[in-house]
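Heads up, query-v3.pdb below (PDB, C-alpha atoms):
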ATOM      1  CA  MET L 213      -3.708  -2.164   4.357
ATOM      2  CA  SER L 214      -3.844   0.408   7.156
ATOM      3  CA  LEU L 215      -6.776  -1.526   8.627
ATOM      4  CA  VAL L 216      -4.678  -4.702   8.713
ATOM      5  CA  ALA L 217      -1.842  -2.841  10.445
ATOM      6  CA  ARG L 218      -4.250  -1.534  13.082
ATOM      7  CA  HIS L 219      -5.632  -5.023  13.689
ATOM      8  CA  LEU L 220      -2.187  -6.632  14.036
ATOM      9  CA  GLU L 221      -0.984  -3.882  16.324
ATOM     10  CA  ALA L 222      -4.029  -4.193  18.584
ATOM     11  CA  ALA L 223      -3.291  -7.935  18.714
ATOM     12  CA  GLY L 224       0.252  -7.190  19.930
ATOM     13  CA  ILE L 225       2.213  -7.542  16.668
ATOM     14  CA  PRO L 226       4.146  -4.292  16.002
ATOM     15  CA  THR L 227       3.768  -3.015  12.430
ATOM     16  CA  VAL L 228       5.239  -0.528   9.993
ATOM     17  CA  ILE L 229       3.660   0.595   6.717
ATOM     18  CA  VAL L 230       5.893   1.655   3.822
ATOM     19  CA  GLY L 231       3.833   3.684   1.383
ATOM     20  CA  SER L 232       3.417   6.651  -0.922
ATOM     21  CA  ALA L 233      -0.221   7.680  -0.316
ATOM     22  CA  ARG L 234       0.389   9.756   2.750
ATOM     23  CA  ASP L 235      -3.082  11.204   3.208
ATOM     24  CA  ILE L 236      -4.871   7.847   2.961
ATOM     25  CA  VAL L 237      -2.625   6.178   5.538
ATOM     26  CA  GLU L 238      -2.563   9.106   7.957
ATOM     27  CA  GLU L 239      -6.315   9.683   7.795
ATOM     28  CA  CYS L 240      -6.893   6.039   8.669
ATOM     29  CA  GLY L 241      -4.399   6.324  11.515
ATOM     30  CA  VAL L 242      -1.590   3.784  11.903
ATOM     31  CA  PRO L 243       1.129   3.169  14.488
ATOM     32  CA  ARG L 244       4.175   3.667  12.236
ATOM     33  CA  PHE L 245       4.361   4.971   8.680
ATOM     34  CA  LEU L 246       7.427   5.354   6.498
ATOM     35  CA  PHE L 247       6.446   7.837   3.797
ATOM     36  CA  VAL L 248       8.250   7.550   0.469
ATOM     37  CA  ASP L 249       7.244  10.464  -1.757
ATOM     38  CA  PHE L 250       7.216   8.521  -5.044
ATOM     39  CA  PRO L 251       4.515   7.831  -7.651
ATOM     40  CA  LEU L 252       2.287   4.928  -6.575
ATOM     41  CA  GLY L 253       3.859   1.542  -7.345
ATOM     42  CA  ASN L 254       7.386   1.696  -5.923
ATOM     43  CA  PRO L 255       7.198   2.559  -2.215
ATOM     44  CA  CYS L 256      10.286   0.448  -1.410
ATOM     45  CA  GLY L 257      12.563   2.270  -3.843
ATOM     46  CA  LYS L 258      13.172   2.890  -7.524
ATOM     47  CA  PRO L 259      13.144  -0.094  -9.891
ATOM     48  CA  TRP L 260      16.468  -1.963 -10.076
ATOM     49  CA  ASP L 261      18.079   0.358  -7.498
ATOM     50  CA  ALA L 262      18.939  -2.265  -4.881
ATOM     51  CA  ALA L 263      21.038   0.124  -2.795
ATOM     52  CA  MET L 264      18.130   2.557  -2.427
ATOM     53  CA  GLN L 265      15.701  -0.285  -1.684
ATOM     54  CA  TYR L 266      18.020  -1.626   1.022
ATOM     55  CA  LYS L 267      18.172   1.798   2.685
ATOM     56  CA  ILE L 268      14.417   2.319   2.588
ATOM     57  CA  VAL L 269      13.715  -1.131   4.036
ATOM     58  CA  GLY L 270      16.359  -0.448   6.684
ATOM     59  CA  GLY L 271      14.558   2.802   7.487
ATOM     60  CA  ALA L 272      11.318   0.874   7.992
ATOM     61  CA  LEU L 273      13.041  -1.526  10.395
ATOM     62  CA  GLU L 274      14.555   1.360  12.299
ATOM     63  CA  LEU L 275      11.149   2.998  12.604
ATOM     64  CA  LEU L 276       9.719  -0.262  13.966
ATOM     65  CA  GLU L 277      12.327  -0.286  16.652
ATOM     66  CA  ARG L 278      12.463   3.385  17.563
ATOM     67  CA  ALA L 279       8.934   4.815  17.384
ATOM     68  CA  TRP L 280       7.607   5.328  20.892
ATOM     69  CA  LEU L 281       4.045   6.417  20.151
ATOM     70  CA  PRO L 282       1.379   5.819  17.476
ATOM     71  CA  ARG L 283       0.872   7.986  14.345
ATOM     72  CA  THR L 284       4.623   8.275  13.925
ATOM     73  CA  THR L 285       5.316   9.274  10.309
ATOM     74  CA  VAL L 286       8.860   9.462   9.016
ATOM     75  CA  GLN L 287       9.502  10.817   5.516
ATOM     76  CA  ARG L 288      12.382   9.333   3.557
ATOM     77  CA  PRO L 289      14.824  11.809   1.979
ATOM     78  CA  GLU L 290      14.844  10.110  -1.461
ATOM     79  CA  THR L 291      13.214  12.077  -4.281
ATOM     80  CA  TRP L 292      11.732  10.731  -7.510
ATOM     81  CA  ALA L 293      12.465  13.532  -9.924
ATOM     82  CA  GLN L 294      15.788  13.980 -11.691
ATOM     83  CA  GLY L 295      14.628  17.225 -13.284
ATOM     84  CA  GLU L 296      11.669  19.566 -13.460
ATOM     85  CA  ALA L 297       9.870  17.534 -16.158
ATOM     86  CA  ASP L 298       9.718  14.468 -13.884
ATOM     87  CA  GLU L 299       7.973  16.481 -11.185
ATOM     88  CA  ARG L 300       4.854  16.520 -13.319
ATOM     89  CA  TRP L 301       3.916  13.003 -12.157
ATOM     90  CA  ARG L 302       2.115  14.641  -9.256
ATOM     91  CA  GLU L 303      -0.291  16.605 -11.438
ATOM     92  CA  ARG L 304      -0.636  14.016 -14.214
ATOM     93  CA  PHE L 305      -1.952  11.230 -11.979
ATOM     94  CA  MET L 306      -5.792  11.092 -12.135
ATOM     95  CA  TRP L 307      -5.725  14.377 -13.982
ATOM     96  CA  VAL L 308      -9.048  16.188 -14.437
ATOM     97  CA  GLY L 309      -9.037  19.259 -16.672
ATOM     98  CA  ASP L 310     -10.809  20.937 -19.559
ATOM     99  CA  ASP L 311      -8.896  18.673 -21.955
ATOM    100  CA  ASN L 312     -10.393  15.430 -20.594
ATOM    101  CA  ARG L 313     -13.550  16.313 -18.664
ATOM    102  CA  GLU L 314     -15.918  15.228 -21.442
ATOM    103  CA  ALA L 315     -14.017  12.030 -22.117
ATOM    104  CA  LEU L 316     -14.105  11.100 -18.414
ATOM    105  CA  ALA L 317     -17.864  11.696 -18.235
ATOM    106  CA  ARG L 318     -18.406   9.552 -21.356
ATOM    107  CA  ALA L 319     -16.160   6.742 -20.077
ATOM    108  CA  GLY L 320     -17.931   6.751 -16.706
ATOM    109  CA  GLU L 321     -21.314   6.563 -18.398
ATOM    110  CA  ALA L 322     -20.179   3.635 -20.560
ATOM    111  CA  ARG L 323     -18.805   1.813 -17.502
ATOM    112  CA  ARG L 324     -22.087   2.199 -15.620
ATOM    113  CA  ARG L 325     -24.061   0.944 -18.629
ATOM    114  CA  ALA L 326     -21.791  -2.111 -18.908
ATOM    115  CA  GLN L 327     -22.173  -2.824 -15.177
ATOM    116  CA  ALA L 328     -25.956  -2.517 -15.365
ATOM    117  CA  SER L 329     -26.196  -4.910 -18.309
ATOM    118  CA  ARG L 330     -23.885  -7.427 -16.559
ATOM    119  CA  GLN L 331     -26.156  -7.284 -13.524
ATOM    120  CA  GLN L 332     -29.218  -7.865 -15.675
ATOM    121  CA  GLY L 333     -27.468 -10.833 -17.255
ATOM    122  CA  ASN L 334     -26.685 -12.307 -13.820
ATOM    123  CA  GLU L 335     -30.268 -11.883 -12.656
ATOM    124  CA  ALA L 336     -31.561 -13.563 -15.811
ATOM    125  CA  ALA L 337     -29.164 -16.482 -15.219
ATOM    126  CA  GLU L 338     -30.407 -16.938 -11.646
TER     127      GLU L 338
ATOM    128  CA  MET Y1188      15.845  30.837   0.839
ATOM    129  CA  SER Y1189      12.616  28.825   0.576
ATOM    130  CA  GLN Y1190      10.398  29.754  -2.372
ATOM    131  CA  GLY Y1191       7.250  28.865  -0.459
ATOM    132  CA  ILE Y1192       4.218  26.972  -1.739
ATOM    133  CA  SER Y1193       0.479  27.549  -1.992
ATOM    134  CA  HIS Y1194      -0.517  23.854  -1.882
ATOM    135  CA  ARG Y1195       0.863  20.902   0.067
ATOM    136  CA  SER Y1196       3.793  19.404  -1.807
ATOM    137  CA  TYR Y1197       2.746  15.770  -1.578
ATOM    138  CA  VAL Y1198      -0.186  14.351  -3.543
ATOM    139  CA  SER Y1199      -3.561  14.029  -1.825
ATOM    140  CA  TYR Y1200      -4.982  10.824  -3.251
ATOM    141  CA  ILE Y1201      -8.226  11.362  -1.369
ATOM    142  CA  ASP Y1202      -8.755  14.696  -3.146
ATOM    143  CA  LYS Y1203      -7.547  13.437  -6.521
ATOM    144  CA  SER Y1204      -9.698  10.309  -6.598
ATOM    145  CA  ARG Y1205     -12.789  12.187  -5.381
ATOM    146  CA  GLU Y1206     -12.454  14.738  -8.176
ATOM    147  CA  TYR Y1207     -11.642  12.087 -10.754
ATOM    148  CA  TYR Y1208     -14.657   9.935  -9.945
ATOM    149  CA  ALA Y1209     -16.932  12.961  -9.662
ATOM    150  CA  ALA Y1210     -15.837  13.960 -13.180
ATOM    151  CA  SER Y1211     -16.612  10.389 -14.261
ATOM    152  CA  GLY Y1212     -20.188  10.846 -13.045
ATOM    153  CA  TYR Y1213     -20.043   8.999  -9.720
ATOM    154  CA  GLU Y1214     -22.016  11.149  -7.341
ATOM    155  CA  ARG Y1215     -21.219   9.641  -3.968
ATOM    156  CA  PRO Y1216     -17.555   9.936  -2.985
ATOM    157  CA  TYR Y1217     -15.756   6.930  -1.470
ATOM    158  CA  ARG Y1218     -15.650   7.038   2.317
ATOM    159  CA  TRP Y1219     -12.056   6.475   3.411
ATOM    160  CA  ALA Y1220     -11.308   4.802   6.725
ATOM    161  CA  HIS Y1221     -10.747   7.324   9.490
ATOM    162  CA  PHE Y1222     -10.103   6.662  13.181
ATOM    163  CA  GLU Y1223      -9.331   8.831  16.181
ATOM    164  CA  ASP Y1224      -7.649   6.134  18.240
ATOM    165  CA  VAL Y1225      -4.564   4.304  17.019
ATOM    166  CA  PRO Y1226      -3.261   1.130  18.712
ATOM    167  CA  PHE Y1227       0.400   0.765  19.594
ATOM    168  CA  ALA Y1228       2.484  -2.263  20.571
ATOM    169  CA  ARG Y1229       6.119  -2.196  21.587
ATOM    170  CA  LEU Y1230       8.696  -4.681  20.332
ATOM    171  CA  ALA Y1231       8.853  -7.563  22.784
ATOM    172  CA  LYS Y1232      12.499  -8.327  21.939
ATOM    173  CA  PRO Y1233      15.407  -6.734  20.092
ATOM    174  CA  LEU Y1234      14.912  -6.208  16.352
ATOM    175  CA  SER Y1235      17.921  -8.451  15.709
ATOM    176  CA  GLN Y1236      15.953 -11.372  17.175
ATOM    177  CA  CYS Y1237      12.618 -10.634  15.489
ATOM    178  CA  ARG Y1238      11.038 -12.667  12.696
ATOM    179  CA  VAL Y1239       9.584 -10.347  10.043
ATOM    180  CA  GLY Y1240       6.374 -11.059   8.130
ATOM    181  CA  VAL Y1241       5.558  -9.103   4.973
ATOM    182  CA  VAL Y1242       2.070  -8.139   3.803
ATOM    183  CA  THR Y1243       1.386  -6.914   0.264
ATOM    184  CA  THR Y1244      -1.670  -5.630  -1.603
ATOM    185  CA  ALA Y1245      -0.484  -7.271  -4.830
ATOM    186  CA  ASP Y1246      -2.617 -10.153  -6.047
ATOM    187  CA  LEU Y1247      -1.955 -13.795  -6.981
ATOM    188  CA  GLY Y1248      -4.363 -13.584  -9.909
ATOM    189  CA  PRO Y1249      -6.039 -10.984 -12.108
ATOM    190  CA  SER Y1250      -8.539  -8.656 -10.421
ATOM    191  CA  THR Y1251     -11.443 -10.323 -12.235
ATOM    192  CA  ALA Y1252     -11.115 -13.452 -10.013
ATOM    193  CA  PRO Y1253     -13.884 -13.973  -7.419
ATOM    194  CA  ARG Y1254     -13.248 -12.558  -3.986
ATOM    195  CA  SER Y1255     -13.063 -15.859  -2.120
ATOM    196  CA  THR Y1256      -9.728 -16.496  -3.818
ATOM    197  CA  LYS Y1257      -8.233 -13.133  -2.913
ATOM    198  CA  LEU Y1258      -6.561 -13.502   0.461
ATOM    199  CA  TYR Y1259      -3.496 -15.749   0.281
ATOM    200  CA  THR Y1260      -0.156 -16.772   1.717
ATOM    201  CA  VAL Y1261       2.595 -18.290  -0.432
ATOM    202  CA  PRO Y1262       6.319 -19.098  -0.118
ATOM    203  CA  ASN Y1263       8.654 -16.161  -0.745
ATOM    204  CA  ALA Y1264       9.927 -17.823  -3.934
ATOM    205  CA  GLU Y1265       6.567 -17.033  -5.537
ATOM    206  CA  GLY Y1266       6.847 -13.293  -4.926
ATOM    207  CA  GLY Y1267       8.013 -12.700  -8.474
ATOM    208  CA  ARG Y1268       4.768 -13.630 -10.183
ATOM    209  CA  LEU Y1269       2.198 -11.328  -8.596
ATOM    210  CA  PHE Y1270      -0.403  -9.203 -10.359
ATOM    211  CA  THR Y1271      -0.199  -5.496  -9.673
ATOM    212  CA  GLU Y1272      -2.914  -4.136 -11.887
ATOM    213  CA  LYS Y1273      -4.671  -1.937  -9.332
ATOM    214  CA  SER Y1274      -4.206   1.828  -9.140
ATOM    215  CA  TRP Y1275      -0.526   2.567  -9.422
ATOM    216  CA  ASP Y1276       0.920   5.290 -11.585
ATOM    217  CA  ARG Y1277       1.365   3.768 -15.044
ATOM    218  CA  GLU Y1278       2.566   6.992 -16.633
ATOM    219  CA  ALA Y1279       5.351   7.636 -14.158
ATOM    220  CA  THR Y1280       6.695   4.167 -13.431
ATOM    221  CA  HIS Y1281       6.245   0.376 -13.654
ATOM    222  CA  THR Y1282       6.208  -2.614 -11.301
ATOM    223  CA  ASP Y1283       8.606  -4.861 -13.249
ATOM    224  CA  ASP Y1284      10.957  -5.032 -10.249
ATOM    225  CA  PRO Y1285       9.028  -6.752  -7.412
ATOM    226  CA  GLU Y1286      11.534  -5.466  -4.852
ATOM    227  CA  THR Y1287       9.995  -2.011  -5.270
ATOM    228  CA  TYR Y1288       6.811  -3.176  -3.551
ATOM    229  CA  LEU Y1289       7.639  -6.602  -2.047
ATOM    230  CA  PRO Y1290      11.194  -6.266  -0.701
ATOM    231  CA  LEU Y1291      11.896  -9.905   0.144
ATOM    232  CA  ALA Y1292      15.442  -9.966  -1.220
ATOM    233  CA  ARG Y1293      16.290  -6.715   0.573
ATOM    234  CA  LEU Y1294      14.888  -8.082   3.840
ATOM    235  CA  ALA Y1295      16.884 -11.271   3.385
ATOM    236  CA  GLU Y1296      19.984  -9.074   3.086
ATOM    237  CA  HIS Y1297      19.066  -7.304   6.331
ATOM    238  CA  ALA Y1298      18.615 -10.711   7.949
ATOM    239  CA  ALA Y1299      22.033 -11.840   6.658
ATOM    240  CA  ALA Y1300      23.525  -8.627   8.076
ATOM    241  CA  GLY Y1301      22.028  -9.449  11.472
ATOM    242  CA  HIS Y1302      19.668  -6.456  11.566
ATOM    243  CA  ILE Y1303      16.639  -8.749  11.977
ATOM    244  CA  GLY Y1304      16.393 -12.283  13.313
ATOM    245  CA  ALA Y1305      14.821 -13.829  10.219
ATOM    246  CA  LEU Y1306      12.575 -13.207   7.247
ATOM    247  CA  ASN Y1307       9.487 -15.412   7.430
ATOM    248  CA  PRO Y1308       9.642 -18.009   4.607
ATOM    249  CA  ARG Y1309       6.178 -17.090   3.346
ATOM    250  CA  PHE Y1310       4.452 -13.729   2.893
ATOM    251  CA  TYR Y1311       0.813 -12.663   3.028
ATOM    252  CA  GLY Y1312      -1.396 -11.082   0.375
ATOM    253  CA  VAL Y1313      -4.345  -8.822   1.092
ATOM    254  CA  PRO Y1314      -5.325  -7.526  -2.354
ATOM    255  CA  THR Y1315      -6.951  -4.101  -2.309
ATOM    256  CA  ASP Y1316     -10.642  -4.272  -1.585
ATOM    257  CA  TYR Y1317     -13.231  -1.538  -1.410
ATOM    258  CA  SER Y1318     -15.019  -3.258   1.473
ATOM    259  CA  GLN Y1319     -13.511  -2.089   4.751
ATOM    260  CA  ARG Y1320     -15.861  -4.455   6.576
ATOM    261  CA  LEU Y1321     -14.419  -7.521   4.812
ATOM    262  CA  THR Y1322     -10.870  -6.318   5.448
ATOM    263  CA  LEU Y1323     -11.594  -5.829   9.152
ATOM    264  CA  GLU Y1324     -13.750  -8.862   9.832
ATOM    265  CA  HIS Y1325     -12.196 -11.435   7.516
ATOM    266  CA  ASP Y1326      -8.770 -10.529   6.134
ATOM    267  CA  ALA Y1327      -7.019  -8.951   9.120
ATOM    268  CA  PRO Y1328      -7.868 -11.770  11.596
ATOM    269  CA  GLN Y1329      -6.727 -14.369   9.038
ATOM    270  CA  VAL Y1330      -3.383 -12.620   8.525
ATOM    271  CA  GLU Y1331      -2.955 -12.466  12.295
ATOM    272  CA  ALA Y1332      -3.688 -16.210  12.559
ATOM    273  CA  TRP Y1333      -1.122 -17.016   9.844
ATOM    274  CA  MET Y1334       1.474 -14.851  11.560
ATOM    275  CA  ARG Y1335       0.903 -16.577  14.894
ATOM    276  CA  GLU Y1336       1.227 -19.962  13.191
ATOM    277  CA  ASP Y1337       4.544 -18.813  11.691
ATOM    278  CA  GLY Y1338       5.903 -17.191  14.851
ATOM    279  CA  VAL Y1339       6.108 -13.754  13.214
ATOM    280  CA  ASP Y1340       7.141 -11.025  15.699
ATOM    281  CA  ILE Y1341       6.823  -7.884  13.572
ATOM    282  CA  ALA Y1342       5.046  -6.982  10.333
ATOM    283  CA  LEU Y1343       6.110  -4.862   7.379
ATOM    284  CA  LEU Y1344       3.110  -3.860   5.255
ATOM    285  CA  VAL Y1345       3.445  -2.384   1.798
ATOM    286  CA  PRO Y1346       0.400  -1.026  -0.037
ATOM    287  CA  LEU Y1347       1.123  -0.571  -3.738
TER     288      LEU Y1347
END
structure tokens encoding of this file:
Amino acid sequence: MSLVARHLEAAGIPTVIVGSARDIVEECGVPRFLFVDFPLGNPCGKPWDAAMQYKIVGGALELLERAWLPRTTVQRPETWAQGEADERWRERFMWVGDDNREALARAGEARRRAQASRQQGNEAAE
Amino acid sequence: MSQGISHRSYVSYIDKSREYYAASGYERPYRWAHFEDVPFARLAKPLSQCRVGVVTTADLGPSTAPRSTKLYTVPNAEGGRLFTEKSWDREATHTDDPETYLPLARLAEHAAAGHIGALNPRFYGVPTDYSQRLTLEHDAPQVEAWMREDGVDIALLVPL
């Protein structure tokens, strides 16, 4: 999506990205980025919270209008967690630890085997 | 007083996905897009006169569909039936409310309040793809062409 923003901007259409994967967007390099520090899936606000969504979208519009140079990141003040337990979303996502390392290796191996046999099937069909 | 931290507070998805796929036995890490130069265009007219186009990474169909069907543009009324199966945090949240990633109703409210000129009547879909070449050479120019056809002045892009 950052690549699309860069293309549009170079073509003269000003852009703003609203997102939650800060490192991916900033490493690509975009003109304007509104960072919402939420789990992936709800960058425009919490589900069913129309008031919050309206404010975040308004923030994106304001950033479009007011940024004066590229790589402008603005972080929204909203936070996801209501309590300490909720904060664990950060560590749980794509978790790798002693409790799942073997299972991940096995699942990856199975996925590669399935891909290889699909490829063989396609070649046989051609 | 601040308690201080030893790691950055926000999640690094580049680090997380590299470690996750390495643990799954994939030896070569994904190469994320990275540029030194960043383009910049100024608004040509006041925000209150601008037509806004929205771009989403959500898909019209399941991710198993062939790639030629991926890129799309549809009327805003169809924004409620998108597929969002790719890489969001299923443990922490859900995507049952489309306004959390495709804020068409919220933008319409901003248009009604006079903050923007208009919300474009259709939006654009660029479902997540691992090929940066296809995104750059095929998808981005097509989205630009659609926006020009529609008279879109500014773009709001929301990756899931």
Handout entry: Check: which chain L residues lie within 7 Å of chain Y using only C-alpha atoms, as number ranges by chain
Key = L: 213, 215-216, 218-222, 224-231, 233, 235-236, 239-243, 249, 251-260, 265-266, 277, 281-282, 301-302, 305-306, 308, 313, 316-317, 319-321
Selected residues written out with C-alpha atoms, as a PDB file, in the coordinates of the input:
ATOM      1  CA  MET L 213      -3.708  -2.164   4.357  1.00  0.00           C
ATOM      2  CA  LEU L 215      -6.776  -1.526   8.627  1.00  0.00           C
ATOM      3  CA  VAL L 216      -4.678  -4.702   8.713  1.00  0.00           C
ATOM      4  CA  ARG L 218      -4.250  -1.534  13.082  1.00  0.00           C
ATOM      5  CA  HIS L 219      -5.632  -5.023  13.689  1.00  0.00           C
ATOM      6  CA  LEU L 220      -2.187  -6.632  14.036  1.00  0.00           C
ATOM      7  CA  GLU L 221      -0.984  -3.882  16.324  1.00  0.00           C
ATOM      8  CA  ALA L 222      -4.029  -4.193  18.584  1.00  0.00           C
ATOM      9  CA  GLY L 224       0.252  -7.190  19.930  1.00  0.00           C
ATOM     10  CA  ILE L 225       2.213  -7.542  16.668  1.00  0.00           C
ATOM     11  CA  PRO L 226       4.146  -4.292  16.002  1.00  0.00           C
ATOM     12  CA  THR L 227       3.768  -3.015  12.430  1.00  0.00           C
ATOM     13  CA  VAL L 228       5.239  -0.528   9.993  1.00  0.00           C
ATOM     14  CA  ILE L 229       3.660   0.595   6.717  1.00  0.00           C
ATOM     15  CA  VAL L 230       5.893   1.655   3.822  1.00  0.00           C
ATOM     16  CA  GLY L 231       3.833   3.684   1.383  1.00  0.00           C
ATOM     17  CA  ALA L 233      -0.221   7.680  -0.316  1.00  0.00           C
ATOM     18  CA  ASP L 235      -3.082  11.204   3.208  1.00  0.00           C
ATOM     19  CA  ILE L 236      -4.871   7.847   2.961  1.00  0.00           C
ATOM     20  CA  GLU L 239      -6.315   9.683   7.795  1.00  0.00           C
ATOM     21  CA  CYS L 240      -6.893   6.039   8.669  1.00  0.00           C
ATOM     22  CA  GLY L 241      -4.399   6.324  11.515  1.00  0.00           C
ATOM     23  CA  VAL L 242      -1.590   3.784  11.903  1.00  0.00           C
ATOM     24  CA  PRO L 243       1.129   3.169  14.488  1.00  0.00           C
ATOM     25  CA  ASP L 249       7.244  10.464  -1.757  1.00  0.00           C
ATOM     26  CA  PRO L 251       4.515   7.831  -7.651  1.00  0.00           C
ATOM     27  CA  LEU L 252       2.287   4.928  -6.575  1.00  0.00           C
ATOM     28  CA  GLY L 253       3.859   1.542  -7.345  1.00  0.00           C
ATOM     29  CA  ASN L 254       7.386   1.696  -5.923  1.00  0.00           C
ATOM     30  CA  PRO L 255       7.198   2.559  -2.215  1.00  0.00           C
ATOM     31  CA  CYS L 256      10.286   0.448  -1.410  1.00  0.00           C
ATOM     32  CA  GLY L 257      12.563   2.270  -3.843  1.00  0.00           C
ATOM     33  CA  LYS L 258      13.172   2.890  -7.524  1.00  0.00           C
ATOM     34  CA  PRO L 259      13.144  -0.094  -9.891  1.00  0.00           C
ATOM     35  CA  TRP L 260      16.468  -1.963 -10.076  1.00  0.00           C
ATOM     36  CA  GLN L 265      15.701  -0.285  -1.684  1.00  0.00           C
ATOM     37  CA  TYR L 266      18.020  -1.626   1.022  1.00  0.00           C
ATOM     38  CA  GLU L 277      12.327  -0.286  16.652  1.00  0.00           C
ATOM     39  CA  LEU L 281       4.045   6.417  20.151  1.00  0.00           C
ATOM     40  CA  PRO L 282       1.379   5.819  17.476  1.00  0.00           C
ATOM     41  CA  TRP L 301       3.916  13.003 -12.157  1.00  0.00           C
ATOM     42  CA  ARG L 302       2.115  14.641  -9.256  1.00  0.00           C
ATOM     43  CA  PHE L 305      -1.952  11.230 -11.979  1.00  0.00           C
ATOM     44  CA  MET L 306      -5.792  11.092 -12.135  1.00  0.00           C
ATOM     45  CA  VAL L 308      -9.048  16.188 -14.437  1.00  0.00           C
ATOM     46  CA  ARG L 313     -13.550  16.313 -18.664  1.00  0.00           C
ATOM     47  CA  LEU L 316     -14.105  11.100 -18.414  1.00  0.00           C
ATOM     48  CA  ALA L 317     -17.864  11.696 -18.235  1.00  0.00           C
ATOM     49  CA  ALA L 319     -16.160   6.742 -20.077  1.00  0.00           C
ATOM     50  CA  GLY L 320     -17.931   6.751 -16.706  1.00  0.00           C
ATOM     51  CA  GLU L 321     -21.314   6.563 -18.398  1.00  0.00           C
TER      52      GLU L 321
END
Practice task
State, in Å with one decimal place, the distance from CA of Phe250 in chain L to CA of Ala217 in chain L.
Solution key: 21.2 Å
Problem - Distance criterion (only C-alpha atoms): nearest to Met264 in chain L out of L:Glu303, L:Glu290, L:Asp298, L:Asp310 - result: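 Smallest separation from Met264 in chain L among the options: L:Glu290.
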Handout entry: Distance of CA of Gly270 in chain L from CA of Val286 in chain L, expressed in Å to one decimal place
Key =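 These two atoms are separated by 12.6 Å.
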